[in-house]
$ cat protein-v4.cif   # mmCIF, C-alpha atoms
data_coords
#
loop_
_atom_site.label_atom_id
_atom_site.label_comp_id
_atom_site.auth_asym_id
_atom_site.auth_seq_id
_atom_site.Cartn_x
_atom_site.Cartn_y
_atom_site.Cartn_z
CA MET A 1 54.48 -81.31 23.12
CA SER A 2 56.52 -78.99 25.28
CA GLY A 3 57.22 -76.61 22.33
CA THR A 4 53.55 -76.47 21.47
CA THR A 5 52.71 -75.80 25.08
CA ARG A 6 55.19 -72.89 25.20
CA HIS A 7 53.82 -71.23 22.03
CA ARG A 8 50.12 -71.26 23.10
CA PRO A 9 50.55 -68.92 26.10
CA ALA A 10 52.46 -66.55 23.86
CA ARG A 11 49.47 -66.27 21.45
CA ARG A 12 47.07 -65.69 24.35
CA GLY A 13 49.23 -62.87 25.68
CA THR A 14 49.34 -61.27 22.27
CA ALA A 15 45.52 -61.35 22.02
CA ARG A 16 45.14 -59.79 25.46
CA ARG A 17 47.56 -56.98 24.55
CA GLY A 18 45.61 -56.34 21.32
CA ALA A 19 42.37 -56.07 23.27
CA ARG A 20 43.92 -53.56 25.65
CA LEU A 21 45.22 -51.42 22.77
CA GLY A 22 41.63 -50.89 21.39
CA PRO A 23 40.81 -49.97 17.73
CA CYS A 24 43.54 -49.90 15.19
CA PRO A 25 45.17 -46.55 14.25
CA ALA A 26 43.67 -46.64 10.73
CA ALA A 27 40.13 -46.77 12.11
CA LEU A 28 40.85 -43.88 14.49
CA ALA A 29 42.20 -41.77 11.64
CA SER A 30 39.07 -42.45 9.56
CA LEU A 31 36.80 -41.40 12.44
CA LEU A 32 38.76 -38.17 12.93
CA LEU A 33 38.55 -37.32 9.21
CA LEU A 34 34.78 -37.93 9.19
CA GLY A 35 34.31 -35.67 12.22
CA ALA A 36 36.36 -32.90 10.67
CA SER A 37 34.40 -33.04 7.40
CA GLY A 38 31.08 -32.98 9.33
CA ALA A 39 32.19 -29.98 11.40
CA GLY A 40 33.10 -27.94 8.29
CA GLN A 41 29.97 -28.85 6.32
CA GLU A 42 28.07 -25.75 5.08
CA ALA A 43 24.30 -25.12 4.84
CA PRO A 44 22.57 -26.52 1.74
CA ALA A 45 22.68 -24.30 -1.36
CA GLY A 46 19.59 -22.22 -2.05
CA GLN A 47 18.80 -21.45 1.59
CA GLU A 48 18.88 -17.67 2.16
CA ALA A 49 19.26 -15.92 5.48
CA PRO A 50 16.05 -14.26 6.70
CA ALA A 51 15.60 -10.62 5.76
CA ALA A 52 17.02 -8.14 8.24
CA PRO A 53 14.40 -5.81 9.78
CA GLY A 54 16.03 -2.79 8.10
CA ASP A 55 15.83 -4.17 4.55
CA VAL A 56 13.51 -2.68 1.89
CA ARG A 57 12.33 -5.40 -0.47
CA LEU A 58 10.27 -5.29 -3.68
CA GLU A 59 8.98 -8.64 -4.95
CA VAL A 60 6.87 -9.33 -8.06
CA ALA A 61 5.23 -12.72 -8.71
CA ALA A 62 3.05 -13.91 -11.60
CA ASP A 63 0.40 -16.59 -11.19
CA ARG A 64 1.57 -18.14 -14.46
CA THR A 65 4.31 -17.53 -17.00
CA SER A 66 2.97 -19.57 -19.94
CA VAL A 67 -0.27 -18.27 -21.46
CA THR A 68 -2.09 -17.96 -24.75
CA ILE A 69 -2.45 -14.58 -26.34
CA GLY A 70 -4.91 -12.32 -24.50
CA ASP A 71 -5.16 -14.49 -21.37
CA PRO A 72 -5.20 -12.46 -18.12
CA ILE A 73 -2.16 -12.74 -15.84
CA ALA A 74 -2.30 -11.84 -12.13
CA LEU A 75 0.77 -9.99 -10.87
CA THR A 76 1.31 -9.65 -7.12
CA VAL A 77 3.63 -6.77 -6.15
CA ARG A 78 4.81 -6.87 -2.52
CA LEU A 79 6.77 -3.98 -0.96
CA THR A 80 8.13 -4.35 2.59
CA TYR A 81 10.04 -1.67 4.48
CA PRO A 82 10.87 -0.77 8.09
CA ARG A 83 8.97 1.80 10.12
CA GLY A 84 10.15 5.37 9.60
CA THR A 85 11.02 4.76 5.94
CA THR A 86 9.39 7.20 3.52
CA VAL A 87 8.27 5.66 0.22
CA PRO A 88 7.12 8.19 -2.41
CA ALA A 89 4.11 7.40 -4.58
CA PHE A 90 4.75 3.97 -6.13
CA ASN A 91 2.81 3.04 -9.28
CA PRO A 92 3.64 -0.51 -10.35
CA GLU A 93 1.70 -0.17 -13.59
CA ARG A 94 4.49 2.06 -14.94
CA PHE A 95 6.79 -0.96 -15.19
CA ILE A 96 4.59 -3.49 -17.03
CA GLY A 97 6.23 -2.74 -20.39
CA ASP A 98 4.38 -4.32 -23.35
CA LEU A 99 1.61 -5.70 -21.14
CA THR A 100 -1.88 -4.17 -21.07
CA LEU A 101 -3.34 -3.24 -17.68
CA LEU A 102 -6.84 -4.68 -17.07
CA GLU A 103 -7.35 -4.07 -13.34
CA ARG A 104 -5.45 -2.60 -10.38
CA ARG A 105 -6.05 -3.11 -6.66
CA ASN A 106 -4.09 -1.94 -3.61
CA THR A 107 -4.33 -2.97 0.05
CA PRO A 108 -3.55 -0.55 2.91
CA PRO A 109 -0.18 -0.97 4.68
CA ARG A 110 -0.09 -3.56 7.46
CA MET A 111 2.52 -4.35 10.11
CA LEU A 112 4.41 -7.67 9.92
CA PRO A 113 5.45 -9.68 13.01
CA ASP A 114 9.06 -8.47 12.63
CA GLY A 115 7.96 -4.80 12.87
CA ARG A 116 8.22 -3.95 9.17
CA LEU A 117 5.36 -2.58 7.02
CA GLU A 118 3.93 -4.36 3.99
CA GLU A 119 2.00 -3.03 0.99
CA ILE A 120 0.54 -5.28 -1.71
CA TRP A 121 -0.69 -4.39 -5.21
CA THR A 122 -2.58 -6.83 -7.45
CA LEU A 123 -2.47 -6.17 -11.20
CA ARG A 124 -4.42 -8.06 -13.88
CA VAL A 125 -2.59 -7.71 -17.17
CA ALA A 126 -2.69 -9.27 -20.65
CA ILE A 127 -0.24 -9.50 -23.54
CA TYR A 128 -1.18 -9.55 -27.20
CA LYS A 129 2.17 -10.48 -28.78
CA ILE A 130 3.15 -14.09 -29.49
CA GLY A 131 6.59 -15.25 -28.40
CA THR A 132 8.85 -14.74 -25.41
CA SER A 133 8.41 -11.48 -23.56
CA THR A 134 10.14 -10.15 -20.47
CA LEU A 135 8.38 -8.33 -17.68
CA PRO A 136 11.01 -5.74 -16.67
CA ALA A 137 12.19 -5.18 -13.14
CA PHE A 138 10.02 -2.96 -10.94
CA GLU A 139 11.78 -0.17 -8.99
CA ALA A 140 10.69 1.75 -5.88
CA GLY A 141 12.63 4.64 -4.37
CA TYR A 142 12.69 5.27 -0.63
CA THR A 143 14.32 7.34 2.10
CA ASP A 144 15.40 5.54 5.29
CA PRO A 145 14.96 7.04 8.79
CA SER A 146 18.50 8.49 8.64
CA GLY A 147 17.64 10.46 5.48
CA LYS A 148 19.63 8.27 3.09
CA ALA A 149 17.92 7.65 -0.26
CA GLY A 150 17.85 4.20 -1.82
CA LYS A 151 16.10 2.10 -4.42
CA ALA A 152 14.63 -1.42 -4.27
CA ALA A 153 14.18 -3.50 -7.43
CA SER A 154 12.51 -6.79 -8.29
CA ALA A 155 13.72 -9.54 -10.60
CA PRO A 156 12.48 -9.60 -14.24
CA ILE A 157 10.04 -12.34 -15.25
CA LYS A 158 10.00 -14.19 -18.60
CA LEU A 159 6.61 -14.89 -20.17
CA GLU A 160 5.87 -17.42 -22.92
CA VAL A 161 2.89 -16.41 -25.09
CA THR A 162 1.44 -18.92 -27.58
CA SER A 163 -1.30 -18.68 -30.19
CA VAL A 164 -4.86 -19.86 -29.62
CA LEU A 165 -4.62 -21.83 -32.90
CA LYS A 166 -3.67 -25.47 -32.72
CA PRO A 167 -0.57 -26.74 -34.61
CA GLY A 168 -1.40 -26.88 -38.32
CA GLU A 169 -4.35 -24.47 -38.15
CA THR A 170 -4.19 -21.19 -40.08
CA ALA A 171 -7.58 -19.65 -39.26
CA PRO A 172 -9.75 -19.44 -36.17
CA ALA A 173 -12.85 -21.60 -35.76
CA ASP A 174 -16.12 -20.42 -37.25
CA ILE A 175 -18.33 -18.25 -35.12
CA LYS A 176 -21.36 -20.05 -33.76
CA GLY A 177 -24.79 -18.88 -34.80
CA GLN A 178 -26.57 -16.34 -32.65
CA ALA A 179 -28.91 -17.81 -30.08
CA GLU A 180 -32.54 -16.85 -30.57
CA MET A 181 -34.25 -15.31 -27.57
CA PRO A 182 -38.01 -14.92 -27.24
CA GLU A 183 -39.07 -11.30 -27.82
CA ARG A 184 -40.49 -9.53 -24.80
CA ARG A 185 -43.03 -6.79 -25.31
CA LEU A 186 -41.98 -3.62 -23.49
CA TRP A 187 -44.90 -1.30 -24.26
CA PRO A 188 -46.97 -2.42 -21.21
CA PHE A 189 -44.13 -1.34 -18.92
CA PHE A 190 -43.84 2.07 -20.62
CA LEU A 191 -47.57 2.58 -20.37
CA ALA A 192 -47.60 1.68 -16.65
CA GLY A 193 -44.72 4.09 -15.97
CA LEU A 194 -46.48 6.89 -17.84
CA LEU A 195 -49.67 6.38 -15.85
CA LEU A 196 -47.73 6.36 -12.57
CA PHE A 197 -45.94 9.59 -13.49
CA ALA A 198 -49.26 11.28 -14.40
CA ALA A 199 -50.84 10.23 -11.09
CA LEU A 200 -47.87 11.55 -9.11
CA ALA A 201 -47.95 14.90 -10.96
CA TRP A 202 -51.70 15.28 -10.32
CA TYR A 203 -51.19 14.54 -6.59
CA LEU A 204 -48.43 17.13 -6.25
CA LEU A 205 -50.46 19.78 -8.06
CA ARG A 206 -53.43 19.18 -5.73
CA ARG A 207 -51.28 19.58 -2.62
CA ARG A 208 -49.46 22.65 -3.82
CA ARG A 209 -50.63 25.88 -2.20
CA PRO A 210 -49.49 29.44 -2.68
CA ARG A 211 -46.98 30.51 -0.06
CA PRO A 212 -46.19 34.05 1.15
CA ALA A 213 -43.20 35.66 -0.43
CA GLU A 214 -40.09 34.81 1.49
CA ALA A 215 -37.84 37.55 2.74
CA ALA A 216 -34.91 38.31 0.53
CA ALA A 217 -31.97 36.27 1.57
CA ALA A 218 -29.00 38.12 2.96
CA PRO A 219 -25.99 38.18 0.66
CA ALA A 220 -23.64 35.33 1.44
CA GLY A 221 -20.20 36.20 2.71
CA PRO A 222 -16.96 34.94 1.18
CA PRO A 223 -16.22 31.22 1.68
CA ARG A 224 -14.15 30.32 4.73
CA PRO A 225 -10.54 29.40 3.89
CA PRO A 226 -9.68 25.68 4.24
CA HIS A 227 -6.93 26.31 6.80
CA GLU A 228 -9.32 28.16 9.13
CA ILE A 229 -11.78 25.27 8.91
CA ALA A 230 -8.96 22.81 9.66
CA TYR A 231 -7.78 24.81 12.70
CA ALA A 232 -11.34 24.94 14.10
CA GLU A 233 -11.85 21.20 13.60
CA LEU A 234 -8.50 20.36 15.21
CA GLU A 235 -9.39 22.49 18.24
CA ARG A 236 -12.77 20.77 18.50
CA LEU A 237 -11.08 17.34 18.29
CA LEU A 238 -8.58 18.19 21.05
CA SER A 239 -11.37 19.44 23.32
CA SER A 240 -13.49 16.30 22.79
CA GLY A 241 -11.68 14.38 25.57
CA TRP A 242 -11.08 11.30 23.38
CA LEU A 243 -7.34 11.31 24.14
CA GLU A 244 -7.92 11.33 27.89
CA ALA A 245 -10.64 8.65 27.56
CA GLY A 246 -8.34 6.30 25.61
CA ARG A 247 -10.40 6.45 22.39
CA ILE A 248 -7.22 6.59 20.32
CA LYS A 249 -8.43 4.89 17.14
CA GLU A 250 -11.52 7.13 16.90
CA LEU A 251 -9.28 10.17 17.41
CA TYR A 252 -6.95 9.06 14.59
CA ILE A 253 -9.86 8.37 12.20
CA GLU A 254 -11.30 11.87 12.76
CA LEU A 255 -7.81 13.40 12.52
CA VAL A 256 -7.24 11.79 9.11
CA GLU A 257 -10.62 13.03 7.84
CA ILE A 258 -9.81 16.61 8.91
CA ILE A 259 -6.50 16.60 6.99
CA ARG A 260 -8.10 14.87 3.98
CA ARG A 261 -10.75 17.60 3.75
CA TYR A 262 -8.10 20.27 4.16
CA LEU A 263 -5.90 18.85 1.34
CA GLU A 264 -8.93 18.60 -0.93
CA GLY A 265 -9.98 22.21 -0.23
CA ARG A 266 -6.42 23.58 -0.37
CA TYR A 267 -5.19 21.90 -3.57
CA GLY A 268 -8.39 20.78 -5.29
CA VAL A 269 -7.52 17.05 -5.28
CA ASP A 270 -10.13 14.36 -4.72
CA THR A 271 -9.40 12.44 -1.49
CA PHE A 272 -12.77 10.67 -1.08
CA GLU A 273 -12.38 6.88 -0.69
CA ARG A 274 -8.76 6.98 -1.83
CA THR A 275 -5.79 5.16 -0.31
CA THR A 276 -2.75 6.98 1.00
CA SER A 277 -0.72 6.09 -2.12
CA GLU A 278 -3.46 7.41 -4.42
CA ILE A 279 -3.71 10.69 -2.46
CA ILE A 280 0.06 11.24 -2.59
CA GLU A 281 0.06 10.52 -6.35
CA ALA A 282 -2.78 13.04 -6.84
CA LEU A 283 -0.78 15.68 -4.93
CA ARG A 284 2.24 14.97 -7.09
CA LEU A 285 0.21 15.31 -10.30
CA ALA A 286 -1.22 18.60 -8.98
CA ARG A 287 2.39 19.90 -8.67
CA VAL A 288 2.14 20.36 -4.92
CA PRO A 289 5.54 21.32 -3.40
CA VAL A 290 7.72 18.37 -2.45
CA LYS A 291 7.90 19.40 1.22
CA ALA A 292 4.10 19.46 1.54
CA THR A 293 3.80 16.09 -0.24
CA SER A 294 6.42 14.51 2.05
CA MET A 295 4.72 15.83 5.20
CA ALA A 296 1.34 14.53 3.98
CA ALA A 297 2.86 11.10 3.24
CA GLU A 298 4.47 10.93 6.69
CA PHE A 299 1.26 11.98 8.47
CA LEU A 300 -1.04 9.63 6.53
CA GLY A 301 1.40 6.74 6.98
CA LEU A 302 1.42 7.18 10.77
CA CYS A 303 -2.38 7.26 10.85
CA ASP A 304 -2.64 4.15 8.64
CA LEU A 305 -0.67 2.19 11.26
CA VAL A 306 -3.38 2.90 13.84
CA LYS A 307 -6.35 2.49 11.48
CA PHE A 308 -5.32 -0.68 9.66
CA ALA A 309 -2.30 -2.28 11.41
CA LYS A 310 -3.88 -2.34 14.92
CA TYR A 311 -0.99 -0.28 16.30
CA VAL A 312 -1.78 1.45 19.61
CA PRO A 313 0.39 4.56 20.12
CA GLY A 314 1.14 6.17 23.46
CA THR A 315 -0.15 9.53 24.63
CA ASP A 316 3.07 11.37 23.73
CA GLU A 317 3.15 9.80 20.27
CA THR A 318 -0.48 10.77 19.69
CA ARG A 319 0.22 14.38 20.69
CA ALA A 320 3.18 14.39 18.30
CA THR A 321 0.92 13.21 15.46
CA VAL A 322 -1.60 15.99 16.23
CA ALA A 323 1.27 18.47 16.26
CA LEU A 324 2.35 17.14 12.85
CA ALA A 325 -1.18 17.83 11.55
CA TYR A 326 -0.97 21.43 12.82
CA ARG A 327 2.48 21.83 11.23
CA LEU A 328 1.18 20.46 7.91
CA VAL A 329 -1.58 23.10 7.85
CA ASP A 330 0.87 25.83 8.93
CA GLU A 331 3.39 24.96 6.21
CA THR A 332 0.83 24.68 3.39
CA ARG A 333 -1.66 27.48 4.15
CA PRO A 334 -1.64 30.27 1.53
CA PRO A 335 0.21 33.46 2.47
CA ALA A 336 -1.85 36.54 3.39
CA THR A 337 -2.43 38.86 0.44
CA ALA A 338 -1.72 42.59 0.50
CA PRO A 339 -5.38 43.71 0.11
CA ALA A 340 -6.43 41.50 3.02
CA ALA A 341 -3.66 42.93 5.20
CA ALA A 342 -4.73 46.46 4.28
CA ALA A 343 -8.34 45.63 5.11
CA ASP A 344 -7.27 44.32 8.52
CA ALA A 345 -5.23 47.44 9.19
CA ALA A 346 -8.07 49.85 8.28
CA PRO A 347 -10.25 49.16 11.37
CA ALA A 348 -7.22 49.54 13.67
CA ALA A 349 -6.37 52.90 12.09
CA ALA A 350 -9.95 54.06 12.42
CA ALA A 351 -10.05 53.07 16.07
CA GLY A 352 -6.82 54.94 16.76
CA GLY A 353 -8.18 58.09 15.10
CA SER A 354 -11.32 58.08 17.21
CA ARG A 355 -9.31 57.74 20.40
CA ARG A 356 -7.30 60.79 19.47
#

$ encode --input "protein-v4.cif" --output "structure tokens"
Amino acid sequence: MSGTTRHRPARRGTARRGARLGPCPAALASLLLLGASGAGQEAPAGQEAPAAPGDVRLEVAADRTSVTIGDPIALTVRLTYPRGTTVPAFNPERFIGDLTLLERRNTPPRMLPDGRLEEIWTLRVAIYKIGTSTLPAFEAGYTDPSGKAGKAASAPIKLEVTSVLKPGETAPADIKGQAEMPERRLWPFFLAGLLLFAALAWYLLRRRRPRPAEAAAAPAGPPRPPHEIAYAELERLLSSGWLEAGRIKELYIELVEIIRRYLEGRYGVDTFERTTSEIIEALRLARVPVKATSMAAEFLGLCDLVKFAKYVPGTDETRATVALAYRLVDETRPPATAPAAAADAAPAAAAGGSRR
């Protein structure tokens, strides 16, 4: 009994010491290893860092990649670039390869929340070759604000084109018979139109009266050069008081129309209801000098920000844009010809002779 009594306190003391020591060393080592592995764990694969504001990106997406022959495919081309970047005329239809272009639409540039600009083209295309085809990569050149040239490219897209015939068929289905439509008689409409025309002619002849001979019109002078018209319109715009009254958007809209009319009169390109990209492409096809095309692209791009991206420039920035319009006209106006200079000098010489 005494030996048993001595051993029991010893076991209790051992249990108390174990409780004071806490978790075993093996468990602590496992916890430390788990913490270290969790601290060094990387982000899941496939997650990309958001695009930096200075990046120029060109993305092309197709609404479907598996079609039957001749089915239309919608391609969405998205170009994003920072402010101050110059993008020459970009025509995505040049890169469609074996595909046939059905329709092309372009939206004006708009400003994204991160400060970059975005342009979107929508192309409807079709392919008439069975098998696997590859839509090649699209490429867009650009010049960043520092003057460094670069190029953005999209990823190619594989397209699977199948036949409209079902497996086992060798010929298309028979054409359905033509639907019969009831014949409409058109002669009553022709007769009514003829009677109406005769009544109108009789009424005009009754009202017509002889008029006295009009005085001979004075010979018209030579047409006014486009740059003189542009200078006069710019002066009228500056004296309108819109800048002082805060009517900035109206001022920019009128400023764009003045330069559009000047480019059309100076180079003979059609600018009516055309986007900035289409105008720049027309100037390039008309072999306009590169400097003039670049200045026109810079000016029209700045005005598009105010017209379509809801950007409100300051007074100094607005004056700089107007100055750019003046500089564009100055740099592209035709040089004075020798006969015109001689004609200008003749009155001065005559005046000097009379004074003597």

$ closest_residue --input "protein-v4.cif" --among "A:Val329, A:Ala155, A:Met111, A:Val164" --to "Ile69 (chain A)" --atoms "only C-alpha atoms"
A:Val164

$ residues_around --input "protein-v4.cif" --residues "region 272-289 of chain A" --least-positions-apart "4" --cutoff "9 Å" --atoms "only C-alpha atoms" --output "mmCIF file with C-alpha atoms, keeping the file's coordinate frame"
data_model
loop_
_atom_site.group_PDB
_atom_site.id
_atom_site.type_symbol
_atom_site.label_atom_id
_atom_site.label_comp_id
_atom_site.auth_asym_id
_atom_site.auth_seq_id
_atom_site.Cartn_x
_atom_site.Cartn_y
_atom_site.Cartn_z
ATOM 1 C CA PRO A 88 7.120 8.190 -2.410
ATOM 2 C CA ALA A 89 4.110 7.400 -4.580
ATOM 3 C CA PHE A 90 4.750 3.970 -6.130
ATOM 4 C CA ASN A 91 2.810 3.040 -9.280
ATOM 5 C CA ASN A 106 -4.090 -1.940 -3.610
ATOM 6 C CA THR A 107 -4.330 -2.970 0.050
ATOM 7 C CA PRO A 108 -3.550 -0.550 2.910
ATOM 8 C CA ARG A 260 -8.100 14.870 3.980
ATOM 9 C CA ARG A 261 -10.750 17.600 3.750
ATOM 10 C CA LEU A 263 -5.900 18.850 1.340
ATOM 11 C CA GLU A 264 -8.930 18.600 -0.930
ATOM 12 C CA TYR A 267 -5.190 21.900 -3.570
ATOM 13 C CA GLY A 268 -8.390 20.780 -5.290
ATOM 14 C CA THR A 293 3.800 16.090 -0.240
ATOM 15 C CA SER A 294 6.420 14.510 2.050
ATOM 16 C CA ALA A 296 1.340 14.530 3.980
ATOM 17 C CA ALA A 297 2.860 11.100 3.240
ATOM 18 C CA LEU A 300 -1.040 9.630 6.530
ATOM 19 C CA GLY A 301 1.400 6.740 6.980
ATOM 20 C CA ASP A 304 -2.640 4.150 8.640
ATOM 21 C CA THR A 332 0.830 24.680 3.390
#

$ axis_aligned_box --input "protein-v4.cif" --around "region 148-159 of chain A" --padding-each-side "8 Å" --output "AutoDock Vina command-line options"
--center_x 13.1 --center_y -3.3 --center_z -8.5 --size_x 29.0 --size_y 39.2 --size_z 39.3

$ closest_residue --input "protein-v4.cif" --among "A:Pro72, A:Pro188, A:Gly115, A:Gly84" --to "Glu103 (chain A)" --atoms "all atoms listed in the file"
A:Pro72

$ resolve_selection --input "protein-v4.cif" --expression "the PyMOL selection byres ((chain A and resi 73) around 8)" --output "ChimeraX atom specification"
/A:62-64,71-72,74-75,124-126

$ write_last_selection --input "protein-v4.cif" --atoms "C-alpha atoms" --output "mmCIF file, in the coordinates of the input"
data_model
loop_
_atom_site.group_PDB
_atom_site.id
_atom_site.type_symbol
_atom_site.label_atom_id
_atom_site.label_comp_id
_atom_site.auth_asym_id
_atom_site.auth_seq_id
_atom_site.Cartn_x
_atom_site.Cartn_y
_atom_site.Cartn_z
ATOM 1 C CA ALA A 62 3.050 -13.910 -11.600
ATOM 2 C CA ASP A 63 0.400 -16.590 -11.190
ATOM 3 C CA ARG A 64 1.570 -18.140 -14.460
ATOM 4 C CA ASP A 71 -5.160 -14.490 -21.370
ATOM 5 C CA PRO A 72 -5.200 -12.460 -18.120
ATOM 6 C CA ALA A 74 -2.300 -11.840 -12.130
ATOM 7 C CA LEU A 75 0.770 -9.990 -10.870
ATOM 8 C CA ARG A 124 -4.420 -8.060 -13.880
ATOM 9 C CA VAL A 125 -2.590 -7.710 -17.170
ATOM 10 C CA ALA A 126 -2.690 -9.270 -20.650
#

$ resolve_selection --input "protein-v4.cif" --expression "the PyMOL selection byres ((chain A and resi 110) around 8)" --output "mmCIF file with C-alpha atoms, in the coordinates of the input"
data_model
loop_
_atom_site.group_PDB
_atom_site.id
_atom_site.type_symbol
_atom_site.label_atom_id
_atom_site.label_comp_id
_atom_site.auth_asym_id
_atom_site.auth_seq_id
_atom_site.Cartn_x
_atom_site.Cartn_y
_atom_site.Cartn_z
ATOM 1 C CA PRO A 108 -3.550 -0.550 2.910
ATOM 2 C CA PRO A 109 -0.180 -0.970 4.680
ATOM 3 C CA MET A 111 2.520 -4.350 10.110
ATOM 4 C CA LEU A 112 4.410 -7.670 9.920
ATOM 5 C CA LEU A 117 5.360 -2.580 7.020
ATOM 6 C CA GLU A 118 3.930 -4.360 3.990
ATOM 7 C CA GLU A 119 2.000 -3.030 0.990
ATOM 8 C CA LEU A 305 -0.670 2.190 11.260
ATOM 9 C CA PHE A 308 -5.320 -0.680 9.660
ATOM 10 C CA ALA A 309 -2.300 -2.280 11.410
#

$ closest_residue --input "protein-v4.cif" --among "A:Val269, A:Ile248, A:Leu255, A:Leu328" --to "Lys291 (chain A)" --atoms "only C-alpha atoms"
A:Leu328

$ atom_distance --input "protein-v4.cif" --atom1 "CA of Glu160 (chain A)" --atom2 "CA of Thr122 (chain A)"
20.6 Å

$ closest_residue --input "protein-v4.cif" --among "A:Gly131, A:Pro226, A:Pro156, A:Pro313" --to "Leu243 (chain A)" --atoms "all atoms listed in the file"
A:Pro313

$ resolve_selection --input "protein-v4.cif" --expression "the PyMOL selection byres ((chain A and resi 142) around 7)" --output "count of residues only"
11

$ atom_distance --input "protein-v4.cif" --atom1 "CA of Glu59 (chain A)" --atom2 "CA of Leu101 (chain A)"
18.5 Å

$ closest_residue --input "protein-v4.cif" --among "A:Arg105, A:Lys307, A:Lys129, A:Arg319" --to "Glu244 (chain A)" --atoms "only C-alpha atoms"
A:Arg319

$ atom_distance --input "protein-v4.cif" --atom1 "CA of Val56 (chain A)" --atom2 "CA of Val290 (chain A)"
22.3 Å

$ closest_residue --input "protein-v4.cif" --among "A:Val67, A:Ala336, A:Leu102, A:Leu204" --to "Pro225 (chain A)" --atoms "all atoms listed in the file"
A:Ala336

$ residues_around --input "protein-v4.cif" --residues "Tyr326 (chain A)" --least-positions-apart "3" --cutoff "12 Å" --atoms "all atoms listed in the file" --output "list in words"
His227, Glu228, Ala230, Tyr231, Ala232, Glu233, Leu234, Glu235, Leu238, Leu255, Ile258, Ile259, Tyr262, Met295, Ala296, Phe299, Arg319, Ala320, Thr321, Val322, Ala323, Val329, Asp330, Glu331, Thr332 and Arg333 of chain A

$ decode --input "protein-v4.cif" --residues "region 58-73 of chain A" --atoms "N, CA and C atoms" --output "JSON list (two decimals), in the first residue's frame"
[["chain", "number", "residue", "atom", "x", "y", "z"],
["A", 58, "LEU", "N", -4.54, 46.44, -78.19],
["A", 58, "LEU", "CA", -5.40, 46.15, -79.32],
["A", 58, "LEU", "C", -5.99, 44.77, -79.11],
["A", 59, "GLU", "N", -7.31, 44.68, -78.95],
["A", 59, "GLU", "CA", -7.98, 43.43, -78.67],
["A", 59, "GLU", "C", -9.03, 43.17, -79.75],
["A", 60, "VAL", "N", -9.10, 41.91, -80.20],
["A", 60, "VAL", "CA", -10.06, 41.49, -81.22],
["A", 60, "VAL", "C", -10.83, 40.30, -80.66],
["A", 61, "ALA", "N", -12.15, 40.35, -80.71],
["A", 61, "ALA", "CA", -12.99, 39.27, -80.20],
["A", 61, "ALA", "C", -14.05, 38.93, -81.24],
["A", 62, "ALA", "N", -14.34, 37.64, -81.39],
["A", 62, "ALA", "CA", -15.37, 37.16, -82.32],
["A", 62, "ALA", "C", -16.55, 36.62, -81.51],
["A", 63, "ASP", "N", -17.77, 36.90, -82.00],
["A", 63, "ASP", "CA", -18.94, 36.44, -81.27],
["A", 63, "ASP", "C", -19.09, 34.92, -81.32],
["A", 64, "ARG", "N", -18.47, 34.29, -82.31],
["A", 64, "ARG", "CA", -18.45, 32.82, -82.37],
["A", 64, "ARG", "C", -17.29, 32.40, -83.25],
["A", 65, "THR", "N", -16.78, 31.22, -82.97],
["A", 65, "THR", "CA", -15.63, 30.69, -83.72],
["A", 65, "THR", "C", -15.96, 29.42, -84.47],
["A", 66, "SER", "N", -17.18, 28.92, -84.35],
["A", 66, "SER", "CA", -17.61, 27.73, -85.08],
["A", 66, "SER", "C", -18.88, 28.09, -85.85],
["A", 67, "VAL", "N", -18.78, 28.11, -87.18],
["A", 67, "VAL", "CA", -19.89, 28.54, -88.03],
["A", 67, "VAL", "C", -20.00, 27.62, -89.22],
["A", 68, "THR", "N", -21.14, 27.72, -89.92],
["A", 68, "THR", "CA", -21.27, 27.07, -91.21],
["A", 68, "THR", "C", -20.86, 28.06, -92.30],
["A", 69, "ILE", "N", -20.59, 27.54, -93.45],
["A", 69, "ILE", "CA", -20.05, 28.37, -94.52],
["A", 69, "ILE", "C", -21.03, 29.49, -94.88],
["A", 70, "GLY", "N", -20.53, 30.72, -94.95],
["A", 70, "GLY", "CA", -21.34, 31.87, -95.30],
["A", 70, "GLY", "C", -22.03, 32.56, -94.15],
["A", 71, "ASP", "N", -21.99, 31.96, -92.93],
["A", 71, "ASP", "CA", -22.63, 32.61, -91.79],
["A", 71, "ASP", "C", -21.87, 33.87, -91.40],
["A", 72, "PRO", "N", -22.59, 34.96, -91.05],
["A", 72, "PRO", "CA", -21.90, 36.19, -90.63],
["A", 72, "PRO", "C", -21.27, 36.02, -89.25],
["A", 73, "ILE", "N", -20.11, 36.63, -89.07],
["A", 73, "ILE", "CA", -19.38, 36.64, -87.81],
["A", 73, "ILE", "C", -19.16, 38.09, -87.42]]
